[in-house]
file work_36.cif (mmCIF, C-alpha atoms and all ligand atoms)
data_my_file
loop_
_atom_site.label_atom_id
_atom_site.label_comp_id
_atom_site.auth_asym_id
_atom_site.auth_seq_id
_atom_site.Cartn_x
_atom_site.Cartn_y
_atom_site.Cartn_z
CA MET A 1 -28.45 -5.24 -1.83
CA THR A 2 -27.67 -8.56 -0.17
CA ASN A 3 -27.71 -8.90 3.61
CA TYR A 4 -24.61 -10.96 4.39
CA PHE A 5 -23.71 -8.57 7.23
CA PRO A 6 -27.05 -8.33 9.03
CA ASN A 7 -25.67 -6.64 12.16
CA VAL A 8 -23.76 -4.01 10.23
CA PRO A 9 -25.79 -0.87 9.54
CA ILE A 10 -24.84 1.95 7.18
CA VAL A 11 -21.98 3.23 9.32
CA LYS A 12 -22.17 6.95 10.03
CA TYR A 13 -20.02 9.56 11.72
CA GLU A 14 -21.21 10.07 15.30
CA GLY A 15 -18.20 11.87 16.78
CA LYS A 16 -15.60 10.89 19.35
CA ASP A 17 -17.98 10.60 22.29
CA SER A 18 -20.16 7.95 20.65
CA LYS A 19 -19.99 4.47 22.19
CA ASN A 20 -21.71 2.85 19.21
CA PRO A 21 -19.17 0.34 17.82
CA PHE A 22 -20.72 0.67 14.35
CA SER A 23 -20.05 4.39 14.07
CA PHE A 24 -17.13 6.53 13.01
CA LYS A 25 -15.61 8.57 15.80
CA TYR A 26 -13.30 10.64 13.56
CA TYR A 27 -14.06 9.78 9.91
CA ASP A 28 -16.56 12.30 8.69
CA ALA A 29 -16.43 11.60 4.93
CA LYS A 30 -17.81 14.92 3.69
CA LYS A 31 -16.02 17.16 6.21
CA VAL A 32 -13.70 19.59 4.43
CA ILE A 33 -10.15 19.85 5.72
CA HIS A 34 -7.73 22.11 3.87
CA GLY A 35 -9.88 22.35 0.76
CA LYS A 36 -10.75 18.66 0.30
CA THR A 37 -13.21 16.33 1.96
CA MET A 38 -11.81 13.63 4.22
CA GLU A 39 -13.02 11.10 1.69
CA GLU A 40 -11.01 12.80 -1.08
CA HIS A 41 -7.89 13.05 1.07
CA LEU A 42 -7.97 9.46 2.27
CA LYS A 43 -9.32 7.44 -0.69
CA PHE A 44 -9.92 4.32 1.42
CA ALA A 45 -9.87 0.98 -0.39
CA MET A 46 -10.91 -2.55 0.55
CA SER A 47 -8.45 -5.40 -0.10
CA TRP A 48 -10.40 -8.25 -1.70
CA TRP A 49 -7.97 -10.97 -0.59
CA HIS A 50 -8.00 -10.27 3.14
CA THR A 51 -11.65 -9.30 3.32
CA MET A 52 -13.46 -11.62 0.94
CA VAL A 53 -11.17 -14.63 0.75
CA ALA A 54 -8.86 -15.07 3.78
CA GLY A 55 -10.24 -17.61 6.21
CA GLY A 56 -7.93 -17.05 9.17
CA THR A 57 -5.50 -19.91 8.50
CA ASP A 58 -2.02 -19.92 9.98
CA PRO A 59 0.79 -22.50 9.72
CA PHE A 60 -0.74 -24.35 12.68
CA GLY A 61 -4.43 -24.24 12.01
CA ALA A 62 -7.32 -24.51 9.59
CA GLU A 63 -9.76 -21.77 8.63
CA THR A 64 -11.74 -20.17 11.43
CA MET A 65 -13.89 -18.08 9.10
CA ASP A 66 -16.34 -19.27 6.49
CA ARG A 67 -16.28 -16.95 3.50
CA SER A 68 -18.49 -19.03 1.21
CA TYR A 69 -21.77 -17.27 2.09
CA GLY A 70 -23.72 -20.52 2.04
CA LYS A 71 -22.71 -21.35 -1.57
CA LYS A 72 -21.14 -24.59 -2.78
CA GLU A 73 -20.01 -24.14 -6.41
CA PRO A 74 -16.77 -22.17 -6.91
CA MET A 75 -18.32 -19.62 -9.30
CA ASP A 76 -21.32 -19.18 -6.99
CA ILE A 77 -18.97 -18.53 -4.08
CA ALA A 78 -17.03 -15.99 -6.18
CA LYS A 79 -20.25 -14.16 -7.06
CA ALA A 80 -21.51 -14.20 -3.47
CA ARG A 81 -18.18 -12.76 -2.38
CA ALA A 82 -18.56 -9.97 -4.93
CA ASP A 83 -22.07 -9.27 -3.63
CA ALA A 84 -20.76 -9.29 -0.05
CA ALA A 85 -17.89 -6.99 -1.03
CA PHE A 86 -20.25 -4.38 -2.46
CA GLU A 87 -22.56 -4.68 0.55
CA LEU A 88 -19.68 -4.15 2.96
CA MET A 89 -18.14 -1.27 0.99
CA THR A 90 -21.54 0.42 0.73
CA LYS A 91 -22.23 0.04 4.46
CA LEU A 92 -18.78 1.38 5.36
CA GLY A 93 -18.71 4.13 2.73
CA ILE A 94 -15.55 2.72 1.13
CA LYS A 95 -15.25 3.95 -2.47
CA TYR A 96 -12.36 1.84 -3.78
CA PHE A 97 -11.20 -1.76 -3.86
CA CYS A 98 -8.07 -3.67 -4.89
CA PHE A 99 -7.75 -7.28 -6.03
CA HIS A 100 -5.47 -10.01 -7.35
CA ASP A 101 -6.78 -12.07 -10.27
CA VAL A 102 -7.05 -15.19 -8.09
CA ASP A 103 -9.06 -13.39 -5.40
CA ILE A 104 -12.10 -12.81 -7.55
CA ALA A 105 -12.44 -16.05 -9.53
CA PRO A 106 -11.76 -19.75 -9.02
CA GLN A 107 -8.90 -21.51 -10.78
CA GLY A 108 -9.95 -23.78 -13.64
CA SER A 109 -8.29 -27.03 -14.69
CA ASN A 110 -6.13 -25.18 -17.23
CA PHE A 111 -5.12 -21.62 -18.12
CA GLU A 112 -7.99 -21.08 -20.56
CA GLU A 113 -10.62 -22.20 -18.07
CA THR A 114 -9.09 -19.99 -15.38
CA ARG A 115 -9.05 -17.06 -17.80
CA LYS A 116 -12.71 -17.66 -18.68
CA ASN A 117 -13.72 -17.70 -15.00
CA PHE A 118 -11.70 -14.58 -14.38
CA HIS A 119 -13.24 -12.54 -17.19
CA GLU A 120 -16.72 -13.72 -16.25
CA MET A 121 -16.11 -12.35 -12.74
CA VAL A 122 -14.61 -9.12 -14.08
CA ASP A 123 -17.82 -8.62 -16.08
CA TYR A 124 -19.87 -9.45 -12.97
CA ILE A 125 -17.96 -6.88 -10.89
CA GLU A 126 -18.28 -4.31 -13.68
CA GLU A 127 -22.06 -4.76 -13.52
CA LYS A 128 -22.00 -4.38 -9.73
CA MET A 129 -20.03 -1.13 -10.02
CA LYS A 130 -22.69 0.41 -12.26
CA GLY A 131 -24.98 2.71 -10.33
CA THR A 132 -22.50 2.99 -7.43
CA ASP A 133 -19.59 5.38 -6.94
CA ILE A 134 -17.29 2.49 -6.04
CA LYS A 135 -14.14 2.33 -8.17
CA LEU A 136 -11.18 0.07 -8.66
CA LEU A 137 -8.04 1.55 -7.06
CA TRP A 138 -5.63 -1.03 -8.47
CA GLY A 139 -5.46 -4.51 -9.85
CA THR A 140 -2.69 -7.08 -9.72
CA ALA A 141 -1.89 -10.70 -10.53
CA ASN A 142 -1.05 -13.27 -7.90
CA VAL A 143 2.10 -14.81 -9.37
CA PHE A 144 3.41 -16.20 -6.10
CA SER A 145 0.91 -18.70 -4.58
CA ASN A 146 0.76 -21.42 -7.21
CA PRO A 147 3.53 -24.09 -7.07
CA ARG A 148 4.59 -23.07 -10.61
CA TYR A 149 6.03 -19.94 -8.96
CA MET A 150 7.99 -21.78 -6.26
CA HIS A 151 11.25 -20.37 -7.71
CA GLY A 152 9.80 -16.98 -8.65
CA ALA A 153 7.72 -15.60 -11.52
CA GLY A 154 9.59 -12.88 -13.42
CA THR A 155 12.72 -14.15 -11.66
CA SER A 156 12.07 -17.85 -12.16
CA PRO A 157 14.92 -19.94 -13.62
CA ASN A 158 12.17 -21.60 -15.67
CA ALA A 159 11.15 -19.60 -18.76
CA ASP A 160 7.77 -21.36 -18.88
CA SER A 161 6.94 -20.05 -15.40
CA PHE A 162 7.96 -16.58 -16.59
CA ALA A 163 5.63 -16.96 -19.58
CA TYR A 164 2.77 -18.14 -17.38
CA ALA A 165 3.21 -15.15 -15.08
CA ALA A 166 3.30 -12.81 -18.08
CA SER A 167 0.02 -14.32 -19.32
CA GLN A 168 -1.63 -13.77 -15.96
CA ILE A 169 -0.33 -10.20 -15.81
CA LYS A 170 -1.67 -9.48 -19.31
CA ASN A 171 -5.15 -10.55 -18.25
CA ALA A 172 -4.96 -8.67 -14.95
CA ILE A 173 -3.99 -5.49 -16.83
CA ASP A 174 -6.95 -6.03 -19.20
CA ALA A 175 -9.24 -6.34 -16.17
CA THR A 176 -7.76 -3.25 -14.53
CA ILE A 177 -8.41 -1.24 -17.69
CA GLN A 178 -11.94 -2.66 -18.11
CA LEU A 179 -12.84 -1.70 -14.53
CA GLY A 180 -11.34 1.78 -14.88
CA GLY A 181 -8.51 1.21 -12.36
CA MET A 182 -5.80 3.86 -12.23
CA GLY A 183 -3.14 1.59 -10.76
CA TYR A 184 -1.48 -1.74 -11.42
CA VAL A 185 0.70 -3.28 -8.68
CA PHE A 186 3.77 -5.48 -8.81
CA TRP A 187 4.50 -7.03 -5.45
CA GLY A 188 7.40 -9.44 -5.87
CA GLY A 189 6.14 -12.20 -3.62
CA ARG A 190 8.69 -14.75 -4.73
CA GLU A 191 10.93 -12.41 -6.72
CA GLY A 192 14.03 -13.08 -4.66
CA TYR A 193 16.16 -16.04 -3.64
CA GLU A 194 16.96 -18.42 -0.85
CA THR A 195 20.61 -19.16 -1.69
CA LEU A 196 23.16 -17.89 -4.20
CA LEU A 197 24.37 -21.49 -4.56
CA ASN A 198 21.59 -21.95 -7.14
CA THR A 199 20.85 -18.38 -8.26
CA ASP A 200 21.94 -16.15 -11.14
CA MET A 201 20.97 -12.88 -9.48
CA LYS A 202 21.88 -10.68 -12.45
CA LEU A 203 19.77 -12.64 -14.93
CA GLU A 204 16.85 -12.74 -12.46
CA LEU A 205 16.89 -8.97 -11.99
CA ASP A 206 17.26 -8.33 -15.72
CA ASN A 207 14.31 -10.63 -16.37
CA MET A 208 12.15 -8.95 -13.73
CA ALA A 209 12.79 -5.64 -15.50
CA ARG A 210 11.98 -7.27 -18.86
CA LEU A 211 8.62 -8.42 -17.51
CA MET A 212 7.83 -4.96 -16.16
CA LYS A 213 8.80 -3.31 -19.44
CA MET A 214 6.49 -5.66 -21.34
CA ALA A 215 3.69 -4.83 -18.88
CA VAL A 216 4.18 -1.10 -19.41
CA GLU A 217 4.31 -1.49 -23.19
CA TYR A 218 1.17 -3.61 -23.19
CA GLY A 219 -0.74 -1.40 -20.77
CA ARG A 220 0.08 1.81 -22.58
CA LYS A 221 -0.81 0.21 -25.95
CA LYS A 222 -4.21 -0.71 -24.49
CA GLY A 223 -4.74 2.86 -23.25
CA PHE A 224 -3.86 2.46 -19.54
CA LYS A 225 -3.14 5.98 -18.30
CA GLY A 226 -2.68 5.14 -14.60
CA ASP A 227 0.41 4.31 -12.58
CA PHE A 228 2.30 1.07 -12.33
CA TYR A 229 3.50 0.48 -8.78
CA ILE A 230 6.17 -1.60 -7.14
CA GLU A 231 5.40 -2.54 -3.55
CA PRO A 232 8.65 -2.98 -1.60
CA LYS A 233 9.04 -5.76 0.96
CA PRO A 234 12.36 -7.07 2.32
CA LYS A 235 11.49 -10.71 2.98
CA GLU A 236 8.65 -13.20 3.36
CA PRO A 237 8.05 -15.40 1.54
CA THR A 238 11.59 -15.30 0.09
CA LYS A 239 14.62 -14.76 2.24
CA HIS A 240 16.24 -12.09 0.05
CA GLN A 241 13.46 -10.22 -1.71
CA TYR A 242 14.66 -8.04 -4.59
CA ASP A 243 12.18 -5.21 -3.87
CA PHE A 244 13.71 -4.80 -0.39
CA ASP A 245 12.70 -1.21 0.39
CA SER A 246 11.99 2.13 -1.27
CA ALA A 247 15.66 2.95 -1.87
CA THR A 248 16.41 -0.46 -3.39
CA VAL A 249 13.37 -0.27 -5.66
CA LEU A 250 14.32 3.22 -6.74
CA ALA A 251 17.80 2.07 -7.78
CA PHE A 252 16.21 -0.81 -9.71
CA LEU A 253 13.74 1.45 -11.52
CA ARG A 254 16.47 3.90 -12.48
CA LYS A 255 18.88 1.21 -13.64
CA TYR A 256 16.31 -0.22 -16.01
CA GLY A 257 14.73 3.09 -17.13
CA LEU A 258 11.36 2.27 -15.53
CA GLU A 259 11.10 5.33 -13.26
CA LYS A 260 8.74 7.25 -15.56
CA ASP A 261 6.01 4.62 -15.46
CA PHE A 262 6.44 3.23 -11.96
CA LYS A 263 5.72 4.74 -8.58
CA LEU A 264 5.83 3.05 -5.17
CA ASN A 265 3.04 1.44 -3.20
CA ILE A 266 4.32 1.68 0.36
CA GLU A 267 3.07 -0.79 2.95
CA ALA A 268 3.46 -0.02 6.65
CA ASN A 269 4.30 -3.51 7.83
CA HIS A 270 6.77 -4.04 4.96
CA ALA A 271 8.58 -0.88 6.04
CA THR A 272 8.95 -2.14 9.59
CA LEU A 273 10.11 -5.57 8.38
CA ALA A 274 12.87 -3.73 6.48
CA GLY A 275 13.95 -2.11 9.73
CA HIS A 276 12.53 1.28 8.75
CA THR A 277 9.60 3.31 9.94
CA PHE A 278 6.54 3.69 7.70
CA GLN A 279 7.38 7.40 7.60
CA HIS A 280 10.92 6.73 6.38
CA GLU A 281 9.71 4.68 3.44
CA LEU A 282 7.11 7.31 2.50
CA ALA A 283 9.64 10.12 2.83
CA THR A 284 12.13 8.27 0.61
CA ALA A 285 9.45 7.88 -2.06
CA ARG A 286 8.35 11.51 -1.69
CA ILE A 287 11.77 13.17 -1.99
CA ASN A 288 12.50 11.08 -5.07
CA GLY A 289 9.19 11.88 -6.78
CA VAL A 290 7.88 8.29 -6.77
CA PHE A 291 5.25 8.36 -4.06
CA GLY A 292 2.16 6.63 -5.43
CA SER A 293 -0.10 4.67 -3.11
CA VAL A 294 -0.30 3.14 0.36
CA ASP A 295 -1.07 -0.29 1.78
CA ALA A 296 -2.16 0.63 5.28
CA ASN A 297 -1.75 -1.89 8.10
CA GLN A 298 0.62 -2.51 10.97
CA GLY A 299 2.84 -5.26 12.32
CA ASP A 300 3.46 -6.32 15.87
CA PRO A 301 6.87 -5.22 17.15
CA ALA A 302 7.11 -8.46 19.14
CA LEU A 303 6.63 -10.62 16.03
CA GLY A 304 9.03 -10.75 13.10
CA TRP A 305 6.56 -11.47 10.31
CA ASP A 306 3.96 -9.70 8.21
CA THR A 307 0.92 -9.74 10.50
CA ASP A 308 -1.14 -7.36 8.31
CA GLN A 309 -3.15 -5.98 11.22
CA PHE A 310 -5.65 -3.18 10.87
CA PRO A 311 -3.82 0.05 11.70
CA THR A 312 -4.60 1.54 15.12
CA ASP A 313 -1.27 3.19 15.93
CA ILE A 314 -2.10 6.90 15.75
CA TYR A 315 1.53 7.95 16.17
CA SER A 316 2.70 6.05 13.07
CA ALA A 317 -0.43 6.86 11.04
CA THR A 318 -0.12 10.58 11.79
CA LEU A 319 3.50 10.71 10.66
CA ALA A 320 2.50 8.75 7.56
CA MET A 321 -0.28 11.22 6.74
CA TYR A 322 2.17 14.08 7.32
CA GLU A 323 4.38 12.58 4.58
CA ILE A 324 1.45 11.88 2.26
CA ILE A 325 0.28 15.50 2.56
CA LYS A 326 3.83 16.73 1.91
CA ALA A 327 3.95 14.50 -1.16
CA GLY A 328 0.90 16.36 -2.50
CA GLY A 329 -1.65 13.77 -1.42
CA PHE A 330 -3.04 10.88 -3.42
CA VAL A 331 -3.48 11.34 -7.18
CA ASN A 332 -4.06 7.93 -8.76
CA GLY A 333 -3.27 6.14 -5.53
CA GLY A 334 -5.18 5.74 -2.31
CA LEU A 335 -5.14 4.10 1.07
CA ASN A 336 -5.72 0.39 0.69
CA PHE A 337 -6.26 -1.56 3.89
CA ASP A 338 -3.94 -4.49 3.23
CA ALA A 339 -5.12 -5.72 6.60
CA LYS A 340 -6.94 -8.71 7.98
CA VAL A 341 -8.81 -9.46 11.16
CA ARG A 342 -7.10 -11.78 13.64
CA ARG A 343 -7.77 -15.49 13.48
CA GLY A 344 -9.83 -15.23 16.66
CA SER A 345 -11.92 -12.35 15.27
CA PHE A 346 -13.89 -14.74 13.12
CA GLU A 347 -17.33 -13.16 13.05
CA PHE A 348 -18.59 -11.08 10.13
CA ASP A 349 -19.02 -8.11 12.48
CA ASP A 350 -15.27 -8.18 13.06
CA LEU A 351 -14.62 -7.34 9.42
CA ALA A 352 -16.65 -4.15 9.71
CA LEU A 353 -15.15 -3.32 13.11
CA GLY A 354 -11.64 -3.81 11.70
CA TYR A 355 -12.31 -1.37 8.87
CA ILE A 356 -13.95 1.13 11.21
CA ALA A 357 -10.86 1.02 13.45
CA GLY A 358 -8.53 1.51 10.49
CA MET A 359 -10.59 4.27 8.88
CA ASP A 360 -10.92 6.16 12.16
CA THR A 361 -7.19 5.83 12.80
CA PHE A 362 -6.33 7.42 9.46
CA ALA A 363 -9.06 10.04 9.74
CA LEU A 364 -7.64 11.14 13.08
CA ALA A 365 -4.15 10.93 11.59
CA LEU A 366 -5.21 13.25 8.76
CA ILE A 367 -6.59 15.77 11.27
CA LYS A 368 -3.47 15.56 13.43
CA ALA A 369 -1.07 15.77 10.48
CA TYR A 370 -2.65 19.04 9.41
CA GLU A 371 -2.51 20.24 13.02
CA ILE A 372 1.25 19.57 13.01
CA ILE A 373 1.60 21.52 9.77
CA ASP A 374 -0.63 24.39 10.96
CA ASP A 375 1.12 24.49 14.33
CA GLY A 376 4.38 24.99 12.44
CA ARG A 377 6.81 24.27 15.30
CA ILE A 378 8.24 21.15 13.73
CA ASP A 379 8.58 22.52 10.19
CA GLU A 380 10.06 25.75 11.51
CA PHE A 381 12.56 23.84 13.62
CA ILE A 382 13.71 21.80 10.62
CA LYS A 383 14.01 24.94 8.49
CA ALA A 384 16.00 26.78 11.14
CA ARG A 385 18.25 23.77 11.67
CA TYR A 386 19.55 24.08 8.10
CA SER A 387 19.68 27.88 7.96
CA SER A 388 23.48 27.86 7.68
CA TYR A 389 22.94 26.78 4.06
CA SER A 390 21.00 29.95 3.19
CA THR A 391 23.87 32.40 3.47
CA GLY A 392 27.63 32.60 3.24
CA ILE A 393 29.64 29.42 2.76
CA GLY A 394 26.56 27.22 3.16
CA LYS A 395 24.81 28.97 0.27
CA LYS A 396 27.91 28.46 -1.85
CA ILE A 397 27.88 24.71 -1.04
CA VAL A 398 24.24 24.36 -2.03
CA GLU A 399 24.73 26.32 -5.24
CA GLY A 400 27.80 24.28 -6.19
CA LYS A 401 29.95 27.39 -6.22
CA THR A 402 32.78 26.27 -3.95
CA SER A 403 35.59 23.72 -3.87
CA LEU A 404 37.59 21.64 -1.41
CA GLU A 405 40.38 24.27 -1.60
CA GLU A 406 38.03 27.13 -0.69
CA LEU A 407 36.40 25.06 2.08
CA GLU A 408 39.85 24.31 3.51
CA GLN A 409 40.71 28.03 3.59
CA TYR A 410 37.28 28.74 5.12
CA THR A 411 37.91 26.18 7.89
CA ILE A 412 41.35 27.66 8.63
CA ASP A 413 39.75 31.13 8.99
CA ASN A 414 36.56 29.96 10.77
CA GLY A 415 37.97 27.49 13.29
CA GLU A 416 35.72 24.97 15.10
CA PRO A 417 32.02 24.91 14.10
CA THR A 418 29.59 26.15 16.76
CA MET A 419 27.23 23.22 17.35
CA GLU A 420 23.51 23.39 18.10
CA SER A 421 21.22 20.85 19.76
CA GLY A 422 18.98 18.59 17.67
CA ARG A 423 16.28 18.95 20.38
CA GLN A 424 14.78 15.51 19.73
CA GLU A 425 13.12 15.20 23.13
CA TYR A 426 11.56 18.64 22.81
CA LEU A 427 10.21 17.82 19.33
CA GLU A 428 8.78 14.51 20.54
CA SER A 429 6.98 16.41 23.28
CA VAL A 430 5.62 18.87 20.69
CA LEU A 431 4.25 15.91 18.75
CA ASN A 432 2.59 14.48 21.88
CA ASN A 433 1.25 17.91 22.72
CA ILE A 434 -0.49 18.06 19.32
CA LEU A 435 -1.63 14.42 19.32
CA PHE A 436 -3.22 14.53 22.75
CA LYS A 437 -4.56 18.04 22.99
C1 LIG A 501 1.91 -9.15 0.65
C2 LIG A 501 1.22 -7.96 0.13
C3 LIG A 501 0.38 -8.19 -1.06
C4 LIG A 501 0.41 -7.06 -2.04
C5 LIG A 501 -0.31 -7.33 -3.33
O1 LIG A 501 2.72 -8.90 1.74
O2 LIG A 501 1.30 -6.90 0.69
O3 LIG A 501 -0.91 -8.44 -0.64
O4 LIG A 501 -0.16 -5.90 -1.48
O5 LIG A 501 0.15 -8.46 -3.96
CO CO A 502 0.41 -5.04 0.32
#

call {"tool": "encode", "arguments": {"input": "work_36.cif", "output": "structure tokens"}}
result
Amino acid sequence: MTNYFPNVPIVKYEGKDSKNPFSFKYYDAKKVIHGKTMEEHLKFAMSWWHTMVAGGTDPFGAETMDRSYGKKEPMDIAKARADAAFELMTKLGIKYFCFHDVDIAPQGSNFEETRKNFHEMVDYIEEKMKGTDIKLLWGTANVFSNPRYMHGAGTSPNADSFAYAASQIKNAIDATIQLGGMGYVFWGGREGYETLLNTDMKLELDNMARLMKMAVEYGRKKGFKGDFYIEPKPKEPTKHQYDFDSATVLAFLRKYGLEKDFKLNIEANHATLAGHTFQHELATARINGVFGSVDANQGDPALGWDTDQFPTDIYSATLAMYEIIKAGGFVNGGLNFDAKVRRGSFEFDDLALGYIAGMDTFALALIKAYEIIDDGRIDEFIKARYSSYSTGIGKKIVEGKTSLEELEQYTIDNGEPTMESGRQEYLESVLNNILFK
């Protein structure tokens, strides 16, 4: 193994009283909780783009982090990054990773050269995976950064851009299959519009569905048995992004008959940008049978953009884990840290410390979510709140055995409903009681 992170040891669980920054306080990978190890419940993944590539740029400043590992040639840098990725994942005990095509290999001077670089790196990563238990969680294609996608990819007004995106997606699906990935993500970075003065929204949406259908057909033909995901996000980079939130994506999938092959990859910070909570987006996916995977991170409530911070908010993470457990847990999906260290956290140690913070947050969230379920007060309250639908007129409503006429007669006989409190403050105190006991 390389030693690009010399200060980072093999990070172990030392318990909540440890003051060792390179230790887990809550994540005890092999500890069994409700029949599964923490590692099996959480399925942590490393995001290649934020961890191996991102250099800390922002609109006002250059890179603060050097991610070239002392190499000069683009392919050498790509290989060093792969070596560093496996070193970091091994030291942190992370068993999955996710990548875009452009994260792992340099762009060539034309499509064929880029494709050659890409497949060379896929082979390199495949070799690195051998003899480890590190797996690919999902793959994807970056069809939003290059200027050819300035007006969109699947929703571009330019058919040649659409074709280029399709070609990239084909190769990214091939790579996902080769590396044994069980997921393929569509995040519509520029699938949206700035103004309707130049946009045929119907054609753009129809075309996006056409591209996804072709991807499903191709993937299934090549033997891909995993899930395709759409990752909702309301805005940034486009003003009106078509994959706005879980409900919007669901309507899209159903309209175009894609709901059997696609599930949702829910990202925390995208949920909050849409004006929802992370829990709301997960719950919407769960109750509609399309919960798939998670991009874990958090935004800053004082900033209106996608800050992709490592998640440390226990309150939000716990409620997210509560939903994930209720959805039956991860099957093909997992918990990908779509998170990056802050521009000022430029040292290699910060990468490891960021992951440790995020992993501990979700480990504690897993423990607390099961404590909420085992405690039962919240679930029992919700059940009792709807008990009027278990008998009498309520039962008839639920079973579809009544009518407006009967309900009118019932109301005449019954008079004013007797109201009950929603007890929000009490329930919030129950949650605090469990979180901080
Ligand atoms: C961007 C974002 C992407 C997707 C993959 O906001 O979340 O990194 O997760 O393209
Ligand atoms: Co994401």

call {"tool": "residues_near_ligand", "arguments": {"input": "work_36.cif", "ligand": "ligand CO 502 (chain A)", "cutoff": "7 Å", "atoms": "only C-alpha atoms and all ligand atoms", "output": "VMD selection string"}}
result
chain A and resid 231 267 295 338

call {"tool": "residues_near_ligand", "arguments": {"input": "work_36.cif", "ligand": "ligand LIG 501 (chain A)", "cutoff": "10 Å", "atoms": "only C-alpha atoms and all ligand atoms", "output": "PyMOL selection string"}}
result
chain A and resi 47-50+98-100+138-144+184-189+230-237+265-270+294-297+305-308+336-339

call {"tool": "closest_residue", "arguments": {"input": "work_36.cif", "among": "A:Ala105, A:Ile382, A:Val8, A:Ala317", "to": "Gln279 of chain A", "atoms": "all atoms listed in the file"}}
result
A:Ala317

call {"tool": "residues_around", "arguments": {"input": "work_36.cif", "residues": "Met419 of chain A", "least_positions_apart": "3", "cutoff": "12 Å", "atoms": "all atoms listed in the file", "output": "VMD selection string"}}
result
chain A and resid 385 388 416 422

call {"tool": "residues_around", "arguments": {"input": "work_36.cif", "residues": "segment 343-355 of chain A", "least_positions_apart": "5", "cutoff": "9 Å", "atoms": "only C-alpha atoms", "output": "list in words"}}
result
Tyr4, Phe5, Pro6, Asn7, Val8, Pro21, Phe22, Met46, Thr51, Gly55, Gly56, Thr57, Asp58, Glu63, Thr64, Met65, Asp66, Leu88, Lys91, Leu92, Gln309, Phe310, Pro311, Phe337 and Asp360 of chain A

call {"tool": "closest_atom_pairs", "arguments": {"input": "work_36.cif", "of": "segment 89-173 of chain A", "to": "segment 70-79 of chain A", "cutoff": "9 Å", "atoms": "all atoms listed in the file", "output": "JSON lines"}}
result
{"residue": "A:Asp103", "atom": "CA", "partner": "A:Ala78", "partner_atom": "CA", "distance": 8.4}
{"residue": "A:Ile104", "atom": "CA", "partner": "A:Ala78", "partner_atom": "CA", "distance": 6.0}
{"residue": "A:Ala105", "atom": "CA", "partner": "A:Ala78", "partner_atom": "CA", "distance": 5.7}
{"residue": "A:Pro106", "atom": "CA", "partner": "A:Pro74", "partner_atom": "CA", "distance": 6.0}
{"residue": "A:Gln107", "atom": "CA", "partner": "A:Pro74", "partner_atom": "CA", "distance": 8.8}
{"residue": "A:Asn117", "atom": "CA", "partner": "A:Met75", "partner_atom": "CA", "distance": 7.6}
{"residue": "A:Met121", "atom": "CA", "partner": "A:Lys79", "partner_atom": "CA", "distance": 7.3}
{"residue": "A:Tyr124", "atom": "CA", "partner": "A:Lys79", "partner_atom": "CA", "distance": 7.6}
{"residue": "A:Ile125", "atom": "CA", "partner": "A:Lys79", "partner_atom": "CA", "distance": 8.5}

call {"tool": "closest_residue", "arguments": {"input": "work_36.cif", "among": "A:Leu258, A:Ile177, A:Ala29, A:Met129", "to": "Leu211 of chain A", "atoms": "all atoms listed in the file"}}
result
A:Leu258

call {"tool": "closest_atom_pairs", "arguments": {"input": "work_36.cif", "of": "segment 145-228 of chain A", "to": "segment 242-246 of chain A", "cutoff": "8 Å", "atoms": "only C-alpha atoms", "output": "Markdown table"}}
result
| residue | atom | partner | partner_atom | distance |
| --- | --- | --- | --- | --- |
| A:Gly188 | CA | A:Asp243 | CA | 6.7 |
| A:Glu191 | CA | A:Tyr242 | CA | 6.1 |
| A:Gly192 | CA | A:Tyr242 | CA | 5.1 |
| A:Leu205 | CA | A:Tyr242 | CA | 7.8 |

call {"tool": "write_last_selection", "arguments": {"input": "work_36.cif", "atoms": "C-alpha atoms", "output": "compact mmCIF listing (two decimals), keeping the file's coordinate frame"}}
result
# COMPACT_ATOMS: atom_id res chain seq x y z
CA GLY A 188 7.40 -9.44 -5.87
CA GLU A 191 10.93 -12.41 -6.72
CA GLY A 192 14.03 -13.08 -4.66
CA LEU A 205 16.89 -8.97 -11.99

call {"tool": "residues_around", "arguments": {"input": "work_36.cif", "residues": "Lys202 of chain A", "least_positions_apart": "2", "cutoff": "12 Å", "atoms": "only C-alpha atoms", "output": "list in words"}}
result
Thr155, Pro157, Gly192, Tyr193, Leu196, Thr199, Asp200, Glu204, Leu205, Asp206, Asn207, Met208, Ala209, Tyr242 and Phe252 of chain A

call {"tool": "residues_around", "arguments": {"input": "work_36.cif", "residues": "Thr277 of chain A", "least_positions_apart": "4", "cutoff": "10 Å", "atoms": "all atoms listed in the file", "output": "count of residues only"}}
result
12

call {"tool": "atom_distance", "arguments": {"input": "work_36.cif", "atom1": "atom CA of Ala175 of chain A", "atom2": "atom CA of Met359 of chain A"}}
result
27.2 Å

call {"tool": "atom_distance", "arguments": {"input": "work_36.cif", "atom1": "atom CA of Phe278 of chain A", "atom2": "atom CA of Ala54 of chain A"}}
result
24.6 Å

call {"tool": "closest_residue", "arguments": {"input": "work_36.cif", "among": "A:Asp313, A:Asp174, A:Ala62, A:Ser403", "to": "Lys222 of chain A", "atoms": "all atoms listed in the file"}}
result
A:Asp174

call {"tool": "atom_distance", "arguments": {"input": "work_36.cif", "atom1": "atom CA of Gly181 of chain A", "atom2": "atom CA of Leu253 of chain A"}}
result
22.3 Å

call {"tool": "closest_residue", "arguments": {"input": "work_36.cif", "among": "A:Arg190, A:Gly275, A:Gly226, A:Val430", "to": "Lys239 of chain A", "atoms": "only C-alpha atoms"}}
result
A:Arg190
